[in-house]
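Student: Starting off with a structure, shown below.
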Amino acid sequence: MTAIGVLQLGLWATVLTLLAWPLGAYMARVYRGEAKVAARVLGPIERAVYRFAGVRADEDMSWRRYATALLAFNVGGLVLVYLLQRLQGALPGNPESLPAVAPPVAWNTAVSFASNTNWQAYGGETTMSQLVAALGLTVQNFVSAATGMAVLVALARGFARRRAHGIGSFWVDLTRSTLYVLLPLALVLAPLLVSQGVPQTTAGHHVAAMLDVTAAPDGDAPAQVIAVGPVASQVAIKQLGTNGGGYYNANSAHPLENPTPLSNFLEALAILLIPAATCIAFGRLVVARRQGVALLATMWLLFVPFVALTLWQEQRGNPALDAAGADQTATSAQAGGNMEGKEVRHGIAASALWATATTAASNGSVNSMHDSYTPLGGLGPLALIGLGEVAFGGVGSGLYGLMLFAIVAVFLAGLMVGRTPELLGKKIEVREMKMASWGLVVPHLATLAGLALACVTAEGVAAVANPGPHGFSEALYGFASAANNNGSAFAGLDAAGPFYATALGVCMFVGRYWVILPVLAIAGALARKQAVPPSAGTLPTDGPMFVALLAGTVVLIGALTLLPALALGPIAEHLLP
Amino acid sequence: MSPVTPPMPDLARAEAPRAPATASRDRGPRVAHHARPVLDGQLVRRAARDALVKLDPRRLIKHPVMFVVAVGAAFTSVLAVHAALTGEGDAPVGFVAAIALWLWFTVLFGNFAEAVAEGRGKAQADALRQARRDVPARILAAPRGDAATREVASSALRPGDVVLVEAGEVIPCDGEIVEGVAAVDESAITGESAPVIRESGGDRSAVTGGTRVLSDALIVRVTTAPGQTFLDRMIGMVEGARRLKTPNELALDILLAALTLVFLLVTVTLLPFSRYAVAAAGAGAPVTLTVLVALLVCLIPTTIGGLLSAIGIAGMDRLVQANVIATSGRAVEAAGDVDVLLLDKTGTITFGNRQARALHPARGVSMATLAEAAVVASLGDDTPEGKSIVTLGTAHLGGVAPAPSGDARVVRFTAETRMSGVDLPDRVVRKGAADAIARQAGGALPADVRGRVDEVASGGATPLVVIDGARVLGVVALADVVKPGIRERFAELRRMGIRTVMITGDNPLTAAAIAADAGVDDFLAEATPEAKLAMIRDYQAAGHLVAMTGDGTNDAPALAQADVAVAMNSGTQAAKEAANMVDLDSSPTKLLDIVTVGKQMLITRGALTTFSVANDLAKYFAIVPAAFAGVYPQLGRLDVMGLHSPASAVMSAVIFNALIIVALIPLALRGIVVRPRPAVETLRRNLLVFGLGGVVLPFPVIKLIDLAVVGLGLVA
C-alpha cells in the first residue's frame with residue numbers, strides 16, 4: 001500500500017463519515033414528517049403526488065399490506081420496463097432506431113433495475129433507446145432505491161413502536177425517499193459532475209472526424225460516433241441509489257462518465273453516502289442514537305480489511321511479471337502494481353478503493369475491470385458481495401440485511417447470557433428467527449444453486465471466457481453479484497445468452513424480494529411487541545462487544561458458506577504453482 | 001410456625017452464605033437430596049441400550065440435524081456394501097465403511113446423550129411410581145367422621161369425593177382437608193423425613209396423594225382426578241415424557257435447520273463445482289460421494305443437535321434435584337428471563353420475628369442498669385422477642401445474667417396493658433409501649449426518652465420503654481432481623497439485572513427501614529392481595545417479567561398473574577394451582593435457584609451452538625484440501641495441520657465430530673456455570689471459551705486423531 005493509497009482512503013472515509021451524520025439526521029426527520037424546511041418546498045409536491053395516486057397519507061399499513069403494496073409497485077415497474085424494451089422499436093424517443101431487446105435480456109434488465117441490482121447484460125449506449133433509459137431505467141434507479149429505503153424505515157418502526165399493528169405507509173415512505181432524499185441529492189451531484197465534463201444533453205450522438213486516419217482499415221474518411229445523452233443525471237442517481245447501471249457499457253471507467261480525479265472522488269463518495277447515512281437515520285428512528293453509530297462502526301470494521309487486502313494485492317502486482325523482470329514498483333513515473341484493466345488516470349489506489357466501495361455497497365458501477373485483478377485482489381470485492389451486501393450494502397437494503405445478521409447474533413449472544421434474546425428492547429423469538437434465517441439463507445442458496453447449474457450446463461460452461469480457477473471465479477462472481485443485488489460484473493462472462501440472462505434474473509428477483517418479505521414480516525412482528533426495559537442483564541447492543549460480535553457473525557456465516565467455492569476459485573488461482 | 005415443620009433449608013443457606021455459592025458453582029443449584037454422580041455404570045449401560053432403540057426413524061425425525069446424519073450414515077453404508085459387492089466404488093471399501101461406521105457412531109452418541117439425561121430421571125420416576133400405586137380409599141357418604149364409608153380403589157376416585165384417611169394409611173389422592181389435624185409423612189415426594197402438620201382451614205390444608213398419615217385422622221375432599229395428580233405431574237416431568245419444546249428451543253431449532261439447509265446446499269453444489277474444476281484443470285477426479293457426506297456431517301451443527309434435548313432434560317432434572325416441580329419447561333425458561341422478583345419479607349428476607357437490636361439508656365442511666373432491668377423484665381417472657389432481649393441484655397452485662405432474689409411474679413403482656421414485666425418483692429419492672437409506660441410512670445416520659453422513642457420508630461424498629469418502679473431507664477429497640485447473607489444475594493441479583501421487591505404487611509416506615517437493611521430495590525408495604533396484583537400488572541405493562549412466591553389462598557390471584565409463580569408445597573391447593581411451579585421444600589428463596597436453572601439451560605444451549613459452529617472452520621481446513629488434492633494440489637497449503645493423507649484427514653475430522661459429542665455430555669448434563677455478573681461480562685467469557693475455543697481446539701485435536709488413526713494403521 002502506498003502513501004497516496006492510505007491518504008485517499010483516509011480522506012474519503014473522513015468526508016464520507018462527516019457527510020453521513022447530517023444527512024442521516026435529516027433523513028430521520030423526513031421519515032418522521034418533521035423536516036419542516038424541506039417540507040415548505042417539497043410538501044406541496046408530495047401532497048400532489050398522493051392526490052394524483054389516490055393515496056391516503058395517514059394510512060398505517062399492516063406488514064402484509066405494506067408488503068403487498070411494495071410487491072405490486074415493484075412487479076408493476078418490472079413489467080413496464082420489460083414492455084418498454086420489447087416495444088422500443090415502435091416507440092418514440094429512439095433517434096438511433098434501436099430494435100426491440102431480446103426477451104431473456106429484457107427480463108434480465110427489467111428484474112435488474114426493479115431490484116436495484118442494475119446488472120447489465122447489454123451495452124447501454126448501443127441497446128437502449130433514450131426513452132427506455134429515461135422512462136424505464138432512470139425511473140427505476142430512483143424508485144428501486146426508494147423501495148429499499150422504505151423497507152428499512154418500516155423495520156425501524158417495528159423496533160420503535162410498542163403494541164402497534166401498523167408499520168407505516170409504503171406509499172409515503174417511497175414518495176418521501178424519492179422526493180426528499182434521492183432527488184435533492186441527485187440535483188446537487190449532477191451539476192457537479194457536469195462541471196467536471198460529464199455530458200448532459202438530449203441531442204443524438206456526436207459524429208467526429210478522426211485525426212489519425214491511418215487507424216481506418218479501408219482508408220475512407222473515417223468518422224467516430226461518440227454517444228452522448230443525459231449522462232450526468234443518470235450517473236448521479238446510479239451512484240446515490242447504489243444502482244450502478246452505467247450510461248455507457250464501460251461504466252465509470254468511461255471518460256465521459258467519470259472524467260477527472262474530482263469526479264471520481266465525488267462518485268466514490270456518492271456510492272456509500274446514503275448507506276452510511278441510513279445507519280445514523282436508523283439510530284434516530286429507533287430512538288437509540290448510539291445503536292446507529294454502532295451499526296456504522298460494524299460496517300467500517302467489515303469494510304476496511306477488504307479495502308486493505310485489495311489495495312495491498314494490487315499494488316504488489318503480479319508475481320509472474322516480477323519473475324519476468326518487469327518493474328512493478330510505484331515511482332513518480334508509474335503507478336506500479338497490477339495496472340491491467342485499470343485506467344491510468346485513476347491508478348491503483350482510486351481503482352482499488354472504488355472496486356471495494358462499489359461491491360461493499362451493492363452499487364456495482366466500476367471504474368476498473370475486476371476480472372483483471374490479482375486473485376486475492378479480486379477476492380476483496382467478491383467477498384464483500386458474498387458476505388451478503390451488508391457492509392454498507394444497498395441504500396436501505398444494506399442495513400436491513402445487517403439487522404438480519406444482528407438478530408441471529410443477538411439470538412446466540414442472548415442465549416449465552418441466559419436470557420431470551422432482545423434487540424433494541426424487542427424479544428427475538430421463533431417468528432423473528434424463522435424470518436431472519438430465510439432472509440440470510442436465500443441469497444446464499446441462490447448463489448450456490450445458480451452456480452451449480454452453470455457448472456453442469458453446456459451454455460453455462462461455454463460462456464466462461466477464462467480457463468482454470470479464474471473462469472470459475474467469473475461465474476461465481478456473476479451469481480453472487482446477482483443474488484446479492486450488487487450488479488457489478490467480474491467481466492469475462494458472456495451473460496447475454498438465454499441461460500445466464502434468465503438464471504441471473506431469477507437470482508436477482510429471489511435475492512431481492514425473498515429478503516424484503518421476511519424483513520417486513522419481522523417489522524410487523526416486532527411492532528406488535530412490548531419493549532423490555534433494559535437492565536444489567538440486558539446485553540447492550542451499542543458497544544464494542546456487540547460490534548465485534550456482529551461483524552464476526554457476518555464473516556463466519558459468509559466464510560462457512562463460500563469457503564469451498566472460494567477455494568476452487570480465487571484461492572486455488574492464487575496458490576497456482 | 002408449626003413445631004414439626006421441617007427445618008427450613010434456606011436458613012442453613014442464609015447462615016452460611018458462601019457455602020451454597022460454591023456449591024452452585026460446582027453442581028448448579030444446590031441438590032437437596034439424592035446427590036449423585038453425573039454418570040454411573042448402571043446408568044451408562046441402560047443409556048447405551050436406549051441409544052440403539054432411539055435409532056427408530058420415527059424418533060430420529062424429531063431431531064432434524066441428527067436425522068440428516070442418520071441418512072448420511074445409511075447412504076454411506078449402502079455405498080460401502082455396493083463397493084464391497086461390485087468391487088467398484090468412488091473410494092476404497094475400507095475407507096467408505098469406516099466413514100459409515102463413524103457416522104453411525106455420531107448418531108448413537110447423540111442418542112446416548114439423550115438417553116443418559118432421561119435415565120437420570122427414570123430412577124426417580126420409578127421411586128415415585130411406588131408411591132402412586134393403587135391403594136384402597138374409603139369414600140364418606142357425607143363430610144363427617146361418623147358418616148357411612150364405602151371402599152373403592154384410589155384410581156376410581158373423582159374430584160368432589162370425600163374420603164377418610166386414618167393414621168398409618170396412605171392418602172389416596174390430592175385433596176383439601178375438610179376436617180382434622182394430622183402429622184403427615186411427605187418423604188415420598190419431598191425426600192424430607194420429618195413429618196409435617198396438615199390441618200383443615202388456613203394455609204396448610206392441602207394434602208398430596210401418595211403421602212402417609214402418621215397420627216390422627218383426616219377427612220379429605222378429592223380435588224384432582226387420578227392421572228392428573230401432583231405425583232403424576234412429577235413423574236411426567238422427571239421422565240421428560242410430556243416435554244414440549246420451549247420457545248427458545250424452537251427458535252434455536254430454526255437456526256439449526258437453517259444452518260443444516262445451507263450446509264446441505266454447500267456440499268451438494270460442491271459436486272458440480274468439483275466436476276467443473278476437474279474439467280478446467282484437466283487433472284484429478286471429482287470429489288467422492290463419501291467425502292461429500294463426511295463434509296456435510298462435519299459442517300452441520302451435530303454437536304448441539306446431538307446434545308440439545310439432553311440439555312433440556314438435564315435442566316428439568318436439575319430442578320427436580322432442587323425439589324421443584326414445574327408444570328412446563330416453558331416456565332423454567334421464563335425464569336431465566338425474569339427481571340423482577342417479588343419476595344415475601346417474612347421468612348425470605350427476615351427471620352420473621354422481631355428481635356432486640358439495641359439498648360438506649362435514658363439520660364443519667366448507665367447501660368448496665370438498663371440492661372439489667374430489661375433482662376429482669378423479660379425473664380418470664382418466653383416469646384422470641386423476650387428471649388432476644390435477654391440475650392442482648394446479658395451480652396451488655398458481660399455475659400452474666402442477673403438472677404433476682406426472692407419470689408418473682410410474672411406479669412404477662414395483654415392487649416389492654418400493652419406491657420409485661422416482673423413483680424419482685426422489692427421492685428416492679430416493666431417493659432412496654434411508650435404510651436403504656438408513660439401511664440405507668442404517672443404522666444409523661446422524659447423528653448430525651450420521648451425523642452429516642454420517635455427516633456427508633458422512624459427507623460422502622462419497635463421501641464419498648466423499660467421502667468423500674470417509677471424510674472424510666474431507657475428504650476429497647478426491637479427490629480426484624482434481616483437474614484445474614486441475603487444482602488449479598490440481592491447484590492448478586494442486581495448484577496444480573498434482576499430487581500428485587502419486598503412485599504410486607506408492615507407499615508411503610510418499618511418496611512422502608514427493612515428494605516434499606518436488606519438491600520432490596522423496592523418494597524410494597526401494607527400489601528393486600530389487590531395491591532400485589534396491581535403491582536405485578538404494572539411491572540408487566542412496563543415490559544418486565546415478574547416472578548413471585550406465595551403460599552396462601554390470598555396469594556393465588558397474584559400467582560396466577562405472575563410470569564413465574566412458585567407455590568410452597570405447604571401452601572393451599574389454590575396457591576398450588578395458580579402457580580406454575582411448586583417448591584417441595586417450601587423454601588422462599590428457592591426462586592433464586594430456579595432463576596439460575598433457567599439461565600443455565602439457555603447459556604448451555606447458546607454456548608454449545610457457538611462451539612459447534614466455530615468448530616466448522618477447522619474441519620474445512622482439514623477436508624477441503626483433502627477433497628481437492630487431486631485437482632488442485634496447491635490447496636494442500638491450506639492444510640495447516642499437516643495431516644497424513646487426504647483419507648486420514650477426512651477420517652480424523654469425522655472422528656473428531658463424533659467424539660466431541662461424547663466429550664461434551666457431562667457439560668450438557670451439568671450445565672454451564674452461571675455466575676452473577678452483568679450480561680456483557682458473561683458474554684465476553686462465554687465467547688472467549690466457546691467461540692474462540694471452538695475455533696482453536698479442533699486444530700490440535702484433529703491432528704492428534706490423525707496421528708492416532710495413522711499410528712493404528714486404520715487408513716492408508
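Residue names in the C-alpha cells use chain letters A, B, ... in the order shown, residue numbers from 1 in each chain, and ligand numbers from 1 in the order shown.
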Residues of range 59-230 of chain A classed as alpha helix (DSSP H) by DSSP on the backbone are to be reported as a compact mmCIF listing (two decimals) with N, CA, C and O atoms, in the first residue's frame.

Tutor:
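So selection_32.txt came out as:
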# COMPACT_ATOMS: atom_id res chain seq x y z
N TRP A 63 -48.07 -5.21 8.13
CA TRP A 63 -46.90 -5.59 7.31
C TRP A 63 -47.32 -6.29 6.05
O TRP A 63 -46.69 -6.13 5.01
N ARG A 64 -48.43 -7.03 6.10
CA ARG A 64 -48.88 -7.72 4.89
C ARG A 64 -49.31 -6.72 3.82
O ARG A 64 -48.99 -6.87 2.64
N ARG A 65 -50.01 -5.70 4.25
CA ARG A 65 -50.49 -4.70 3.31
C ARG A 65 -49.30 -3.92 2.75
O ARG A 65 -49.24 -3.62 1.56
N TYR A 66 -48.36 -3.60 3.62
CA TYR A 66 -47.14 -2.90 3.21
C TYR A 66 -46.43 -3.73 2.14
O TYR A 66 -46.04 -3.23 1.08
N ALA A 67 -46.29 -5.03 2.42
CA ALA A 67 -45.58 -5.92 1.51
C ALA A 67 -46.34 -6.04 0.18
O ALA A 67 -45.73 -6.06 -0.89
N THR A 68 -47.65 -6.11 0.28
CA THR A 68 -48.45 -6.23 -0.95
C THR A 68 -48.28 -4.99 -1.82
O THR A 68 -48.06 -5.08 -3.04
N ALA A 69 -48.35 -3.82 -1.19
CA ALA A 69 -48.18 -2.57 -1.94
C ALA A 69 -46.79 -2.54 -2.59
O ALA A 69 -46.64 -2.18 -3.77
N LEU A 70 -45.78 -2.95 -1.80
CA LEU A 70 -44.41 -2.92 -2.31
C LEU A 70 -44.24 -3.85 -3.49
O LEU A 70 -43.69 -3.48 -4.53
N LEU A 71 -44.77 -5.07 -3.35
CA LEU A 71 -44.63 -6.04 -4.44
C LEU A 71 -45.38 -5.58 -5.67
O LEU A 71 -44.87 -5.68 -6.79
N ALA A 72 -46.59 -5.09 -5.46
CA ALA A 72 -47.39 -4.62 -6.60
C ALA A 72 -46.64 -3.53 -7.35
O ALA A 72 -46.53 -3.55 -8.58
N PHE A 73 -46.09 -2.59 -6.58
CA PHE A 73 -45.38 -1.48 -7.20
C PHE A 73 -44.15 -1.97 -7.95
O PHE A 73 -43.88 -1.56 -9.08
N ASN A 74 -43.39 -2.88 -7.32
CA ASN A 74 -42.16 -3.36 -7.94
C ASN A 74 -42.42 -4.24 -9.15
O ASN A 74 -41.75 -4.11 -10.17
N VAL A 75 -43.39 -5.13 -9.03
CA VAL A 75 -43.70 -6.00 -10.17
C VAL A 75 -44.27 -5.16 -11.31
O VAL A 75 -43.94 -5.37 -12.48
N GLY A 76 -45.08 -4.16 -10.95
CA GLY A 76 -45.60 -3.24 -11.98
C GLY A 76 -44.46 -2.56 -12.72
O GLY A 76 -44.43 -2.51 -13.96
N GLY A 77 -43.48 -2.09 -11.96
CA GLY A 77 -42.33 -1.43 -12.57
C GLY A 77 -41.54 -2.39 -13.45
O GLY A 77 -41.10 -2.04 -14.56
N LEU A 78 -41.43 -3.62 -12.97
CA LEU A 78 -40.71 -4.65 -13.71
C LEU A 78 -41.38 -4.90 -15.07
O LEU A 78 -40.72 -4.92 -16.12
N VAL A 79 -42.69 -5.04 -15.04
CA VAL A 79 -43.44 -5.30 -16.27
C VAL A 79 -43.31 -4.11 -17.23
O VAL A 79 -43.09 -4.28 -18.43
N LEU A 80 -43.39 -2.91 -16.68
CA LEU A 80 -43.28 -1.71 -17.51
C LEU A 80 -41.93 -1.66 -18.22
O LEU A 80 -41.85 -1.42 -19.43
N VAL A 81 -40.85 -1.91 -17.47
CA VAL A 81 -39.51 -1.86 -18.07
C VAL A 81 -39.39 -2.95 -19.14
O VAL A 81 -38.81 -2.72 -20.20
N TYR A 82 -39.96 -4.12 -18.85
CA TYR A 82 -39.91 -5.21 -19.83
C TYR A 82 -40.60 -4.79 -21.12
O TYR A 82 -40.04 -4.92 -22.22
N LEU A 83 -41.83 -4.26 -20.98
CA LEU A 83 -42.61 -3.89 -22.18
C LEU A 83 -41.92 -2.77 -22.95
O LEU A 83 -41.87 -2.79 -24.19
N LEU A 84 -41.38 -1.79 -22.25
CA LEU A 84 -40.69 -0.69 -22.93
C LEU A 84 -39.55 -1.22 -23.81
O LEU A 84 -39.36 -0.78 -24.94
N GLN A 85 -38.82 -2.18 -23.28
CA GLN A 85 -37.70 -2.73 -24.04
C GLN A 85 -38.18 -3.52 -25.25
O GLN A 85 -37.63 -3.43 -26.34
N ARG A 86 -39.24 -4.31 -25.02
CA ARG A 86 -39.73 -5.15 -26.10
C ARG A 86 -40.36 -4.29 -27.21
O ARG A 86 -40.34 -4.68 -28.36
N PRO A 103 -36.06 -11.20 -25.52
CA PRO A 103 -36.79 -11.48 -24.26
C PRO A 103 -35.90 -11.81 -23.07
O PRO A 103 -36.12 -11.23 -22.00
N PRO A 104 -34.91 -12.73 -23.15
CA PRO A 104 -34.14 -13.03 -21.93
C PRO A 104 -33.44 -11.79 -21.37
O PRO A 104 -33.44 -11.55 -20.18
N VAL A 105 -32.84 -11.01 -22.27
CA VAL A 105 -32.11 -9.82 -21.81
C VAL A 105 -33.11 -8.78 -21.28
O VAL A 105 -32.85 -8.11 -20.27
N ALA A 106 -34.28 -8.70 -21.92
CA ALA A 106 -35.29 -7.74 -21.45
C ALA A 106 -35.77 -8.11 -20.06
O ALA A 106 -35.92 -7.26 -19.17
N TRP A 107 -35.99 -9.41 -19.83
CA TRP A 107 -36.39 -9.88 -18.49
C TRP A 107 -35.29 -9.58 -17.49
O TRP A 107 -35.52 -9.04 -16.42
N ASN A 108 -34.06 -9.96 -17.89
CA ASN A 108 -32.92 -9.76 -17.01
C ASN A 108 -32.80 -8.29 -16.61
O ASN A 108 -32.64 -7.95 -15.43
N THR A 109 -32.93 -7.40 -17.62
CA THR A 109 -32.78 -5.98 -17.34
C THR A 109 -33.92 -5.45 -16.49
O THR A 109 -33.72 -4.65 -15.56
N ALA A 110 -35.14 -5.94 -16.77
CA ALA A 110 -36.30 -5.46 -16.01
C ALA A 110 -36.14 -5.83 -14.53
O ALA A 110 -36.32 -4.99 -13.65
N VAL A 111 -35.80 -7.09 -14.26
CA VAL A 111 -35.59 -7.50 -12.87
C VAL A 111 -34.44 -6.71 -12.27
O VAL A 111 -34.50 -6.22 -11.14
N SER A 112 -33.39 -6.60 -13.06
CA SER A 112 -32.17 -5.98 -12.58
C SER A 112 -32.41 -4.55 -12.08
O SER A 112 -31.91 -4.16 -11.04
N PHE A 113 -33.21 -3.78 -12.85
CA PHE A 113 -33.43 -2.39 -12.44
C PHE A 113 -34.50 -2.27 -11.38
O PHE A 113 -34.42 -1.40 -10.52
N ALA A 114 -35.50 -3.16 -11.43
CA ALA A 114 -36.54 -3.09 -10.39
C ALA A 114 -35.97 -3.49 -9.04
O ALA A 114 -36.37 -2.98 -8.00
N GLY A 124 -25.08 -0.41 -22.71
CA GLY A 124 -26.09 0.62 -22.52
C GLY A 124 -26.33 1.48 -23.74
O GLY A 124 -27.45 1.55 -24.26
N GLU A 125 -25.24 2.11 -24.26
CA GLU A 125 -25.44 3.11 -25.30
C GLU A 125 -25.86 2.49 -26.63
O GLU A 125 -26.34 3.18 -27.51
N THR A 126 -25.68 1.16 -26.79
CA THR A 126 -25.98 0.53 -28.08
C THR A 126 -27.23 -0.34 -28.03
O THR A 126 -27.55 -1.02 -28.99
N THR A 127 -27.92 -0.42 -26.87
CA THR A 127 -29.06 -1.32 -26.76
C THR A 127 -30.36 -0.59 -26.43
O THR A 127 -31.41 -0.91 -26.96
N GLN A 130 -33.28 6.29 -25.81
CA GLN A 130 -33.33 7.32 -24.77
C GLN A 130 -34.62 7.23 -23.96
O GLN A 130 -34.63 7.49 -22.76
N LEU A 131 -35.70 6.84 -24.64
CA LEU A 131 -36.99 6.72 -23.94
C LEU A 131 -36.92 5.62 -22.88
O LEU A 131 -37.32 5.81 -21.73
N VAL A 139 -36.13 5.95 -14.02
CA VAL A 139 -37.21 5.94 -13.03
C VAL A 139 -36.96 4.84 -12.01
O VAL A 139 -37.05 5.04 -10.80
N GLN A 140 -36.59 3.65 -12.51
CA GLN A 140 -36.31 2.54 -11.58
C GLN A 140 -35.10 2.85 -10.71
O GLN A 140 -35.04 2.43 -9.56
N ASN A 141 -34.13 3.58 -11.26
CA ASN A 141 -32.98 3.95 -10.44
C ASN A 141 -33.44 4.67 -9.18
O ASN A 141 -32.88 4.48 -8.10
N PHE A 142 -34.44 5.52 -9.32
CA PHE A 142 -34.96 6.24 -8.16
C PHE A 142 -35.82 5.34 -7.29
O PHE A 142 -35.60 5.21 -6.09
N VAL A 143 -36.84 4.72 -7.91
CA VAL A 143 -37.83 4.05 -7.06
C VAL A 143 -37.33 2.73 -6.49
O VAL A 143 -37.76 2.33 -5.42
N SER A 144 -36.40 2.05 -7.20
CA SER A 144 -35.89 0.81 -6.59
C SER A 144 -35.06 1.16 -5.36
O SER A 144 -35.10 0.46 -4.35
N ALA A 145 -34.31 2.25 -5.46
CA ALA A 145 -33.55 2.71 -4.29
C ALA A 145 -34.51 3.11 -3.18
O ALA A 145 -34.33 2.76 -2.01
N ALA A 146 -35.56 3.85 -3.56
CA ALA A 146 -36.53 4.31 -2.56
C ALA A 146 -37.24 3.13 -1.91
O ALA A 146 -37.58 3.16 -0.71
N THR A 147 -37.44 2.05 -2.68
CA THR A 147 -38.07 0.85 -2.12
C THR A 147 -37.22 0.28 -0.98
O THR A 147 -37.72 -0.05 0.10
N GLY A 148 -35.91 0.19 -1.22
CA GLY A 148 -35.01 -0.31 -0.19
C GLY A 148 -35.05 0.55 1.05
O GLY A 148 -35.10 0.05 2.18
N MET A 149 -35.05 1.87 0.85
CA MET A 149 -35.09 2.77 2.00
C MET A 149 -36.41 2.62 2.76
O MET A 149 -36.44 2.67 3.99
N ALA A 150 -37.49 2.44 2.01
CA ALA A 150 -38.80 2.29 2.65
C ALA A 150 -38.82 1.06 3.56
O ALA A 150 -39.32 1.12 4.69
N VAL A 151 -38.23 -0.05 3.07
CA VAL A 151 -38.23 -1.27 3.87
C VAL A 151 -37.46 -1.04 5.18
O VAL A 151 -37.88 -1.46 6.25
N LEU A 152 -36.35 -0.33 5.07
CA LEU A 152 -35.57 -0.07 6.28
C LEU A 152 -36.37 0.78 7.27
O LEU A 152 -36.36 0.54 8.48
N VAL A 153 -37.06 1.78 6.74
CA VAL A 153 -37.84 2.66 7.62
C VAL A 153 -38.95 1.86 8.30
O VAL A 153 -39.22 2.02 9.50
N ALA A 154 -39.57 0.95 7.54
CA ALA A 154 -40.61 0.11 8.13
C ALA A 154 -40.02 -0.75 9.24
O ALA A 154 -40.63 -0.92 10.32
N LEU A 155 -38.81 -1.28 9.02
CA LEU A 155 -38.16 -2.10 10.05
C LEU A 155 -37.87 -1.25 11.29
O LEU A 155 -38.07 -1.70 12.43
N ALA A 156 -37.40 -0.04 11.06
CA ALA A 156 -37.12 0.86 12.19
C ALA A 156 -38.39 1.09 13.00
O ALA A 156 -38.36 1.11 14.23
N ARG A 157 -39.50 1.25 12.30
CA ARG A 157 -40.77 1.45 13.03
C ARG A 157 -41.10 0.21 13.84
O ARG A 157 -41.61 0.31 14.96
N GLY A 158 -40.81 -0.97 13.27
CA GLY A 158 -41.07 -2.20 14.02
C GLY A 158 -40.34 -2.20 15.35
O GLY A 158 -40.89 -2.60 16.37
N PHE A 159 -39.09 -1.71 15.35
CA PHE A 159 -38.34 -1.66 16.60
C PHE A 159 -38.86 -0.56 17.51
O PHE A 159 -38.89 -0.71 18.73
N ALA A 160 -39.24 0.57 16.92
CA ALA A 160 -39.57 1.74 17.74
C ALA A 160 -40.97 1.65 18.33
O ALA A 160 -41.22 2.15 19.42
N PHE A 170 -46.35 2.40 2.85
CA PHE A 170 -45.32 2.21 1.82
C PHE A 170 -45.28 3.39 0.87
O PHE A 170 -44.22 3.87 0.48
N TRP A 171 -46.47 3.87 0.50
CA TRP A 171 -46.52 4.95 -0.49
C TRP A 171 -45.84 6.20 0.04
O TRP A 171 -45.12 6.89 -0.68
N VAL A 172 -46.07 6.47 1.32
CA VAL A 172 -45.46 7.66 1.91
C VAL A 172 -43.94 7.50 1.97
O VAL A 172 -43.18 8.39 1.59
N ASP A 173 -43.50 6.33 2.44
CA ASP A 173 -42.05 6.10 2.56
C ASP A 173 -41.37 6.16 1.19
O ASP A 173 -40.29 6.72 1.06
N LEU A 174 -42.04 5.58 0.20
CA LEU A 174 -41.50 5.58 -1.15
C LEU A 174 -41.39 7.01 -1.68
O LEU A 174 -40.35 7.43 -2.21
N THR A 175 -42.47 7.76 -1.52
CA THR A 175 -42.51 9.12 -2.04
C THR A 175 -41.48 10.00 -1.33
O THR A 175 -40.74 10.75 -1.97
N ARG A 176 -41.43 9.88 0.00
CA ARG A 176 -40.50 10.73 0.74
C ARG A 176 -39.05 10.39 0.41
O ARG A 176 -38.21 11.28 0.30
N LEU A 183 -33.87 12.74 -4.94
CA LEU A 183 -33.92 13.81 -5.94
C LEU A 183 -33.03 14.99 -5.56
O LEU A 183 -32.22 15.43 -6.38
N PRO A 184 -33.16 15.53 -4.33
CA PRO A 184 -32.29 16.67 -3.99
C PRO A 184 -30.82 16.34 -4.09
O PRO A 184 -30.04 17.14 -4.62
N LEU A 185 -30.42 15.15 -3.62
CA LEU A 185 -29.01 14.79 -3.69
C LEU A 185 -28.55 14.68 -5.14
O LEU A 185 -27.47 15.13 -5.50
N ALA A 186 -29.42 14.07 -5.99
CA ALA A 186 -29.07 13.94 -7.41
C ALA A 186 -28.97 15.33 -8.04
O ALA A 186 -28.10 15.58 -8.88
N LEU A 187 -29.84 16.24 -7.62
CA LEU A 187 -29.81 17.59 -8.18
C LEU A 187 -28.54 18.33 -7.77
O LEU A 187 -28.11 19.25 -8.46
N VAL A 188 -27.97 17.97 -6.65
CA VAL A 188 -26.71 18.58 -6.24
C VAL A 188 -25.55 17.94 -6.99
O VAL A 188 -24.66 18.61 -7.50
N LEU A 189 -25.58 16.61 -7.10
CA LEU A 189 -24.43 15.89 -7.66
C LEU A 189 -24.31 16.07 -9.17
O LEU A 189 -23.20 16.26 -9.68
N ALA A 190 -25.46 16.03 -9.88
CA ALA A 190 -25.40 16.08 -11.35
C ALA A 190 -24.68 17.32 -11.86
O ALA A 190 -23.76 17.20 -12.69
N PRO A 191 -25.03 18.53 -11.40
CA PRO A 191 -24.30 19.71 -11.89
C PRO A 191 -22.81 19.67 -11.57
O PRO A 191 -21.98 20.12 -12.36
N LEU A 192 -22.48 19.10 -10.40
CA LEU A 192 -21.06 18.97 -10.05
C LEU A 192 -20.35 18.10 -11.08
O LEU A 192 -19.22 18.39 -11.50
N LEU A 193 -21.03 17.02 -11.50
CA LEU A 193 -20.44 16.13 -12.50
C LEU A 193 -20.33 16.84 -13.85
O LEU A 193 -19.33 16.70 -14.56
N VAL A 194 -21.38 17.61 -14.19
CA VAL A 194 -21.34 18.36 -15.46
C VAL A 194 -20.15 19.31 -15.44
O VAL A 194 -19.42 19.46 -16.43
N SER A 195 -19.90 19.93 -14.30
CA SER A 195 -18.77 20.86 -14.19
C SER A 195 -17.45 20.15 -14.46
O SER A 195 -16.46 20.76 -14.84

Student: Residues of chain B within 6 Å of chain A, counting only C-alpha atoms, what are they? List them as an MDAnalysis selection string.

Tutor: chainID B and resid 251 269 272 276 280:281 336:337 496:497 543 599 602:603 606:607 634 678:680 682:683

Student: Could the residues in this selection be written to a file with C-alpha atoms, as a CSV table (one decimal), in the first residue's frame?

Tutor:
chain,number,residue,atom,x,y,z
B,251,ALA,CA,-36.1,-20.7,17.8
B,269,THR,CA,-23.2,-28.0,-5.1
B,272,PRO,CA,-20.8,-29.9,-9.9
B,276,TYR,CA,-16.1,-28.1,-13.4
B,280,ALA,CA,-10.8,-26.9,-16.1
B,281,ALA,CA,-7.7,-28.3,-14.6
B,336,GLY,CA,-34.2,-17.2,33.2
B,337,ASP,CA,-35.8,-14.1,31.8
B,496,MET,CA,-27.5,-10.0,36.8
B,497,GLY,CA,-30.1,-7.3,36.2
B,543,GLY,CA,-42.4,-4.9,29.8
B,599,LYS,CA,-30.5,-19.2,32.8
B,602,LEU,CA,-30.2,-21.1,27.9
B,603,ILE,CA,-26.5,-20.5,28.4
B,606,GLY,CA,-26.1,-21.0,23.3
B,607,ALA,CA,-22.6,-21.9,24.2
B,634,GLN,CA,-1.7,-26.4,-4.4
B,678,PRO,CA,-23.5,-8.3,34.0
B,679,ALA,CA,-24.5,-9.6,30.6
B,680,VAL,CA,-21.5,-8.2,28.8
B,682,THR,CA,-20.9,-13.3,30.8
B,683,LEU,CA,-20.9,-12.9,27.0
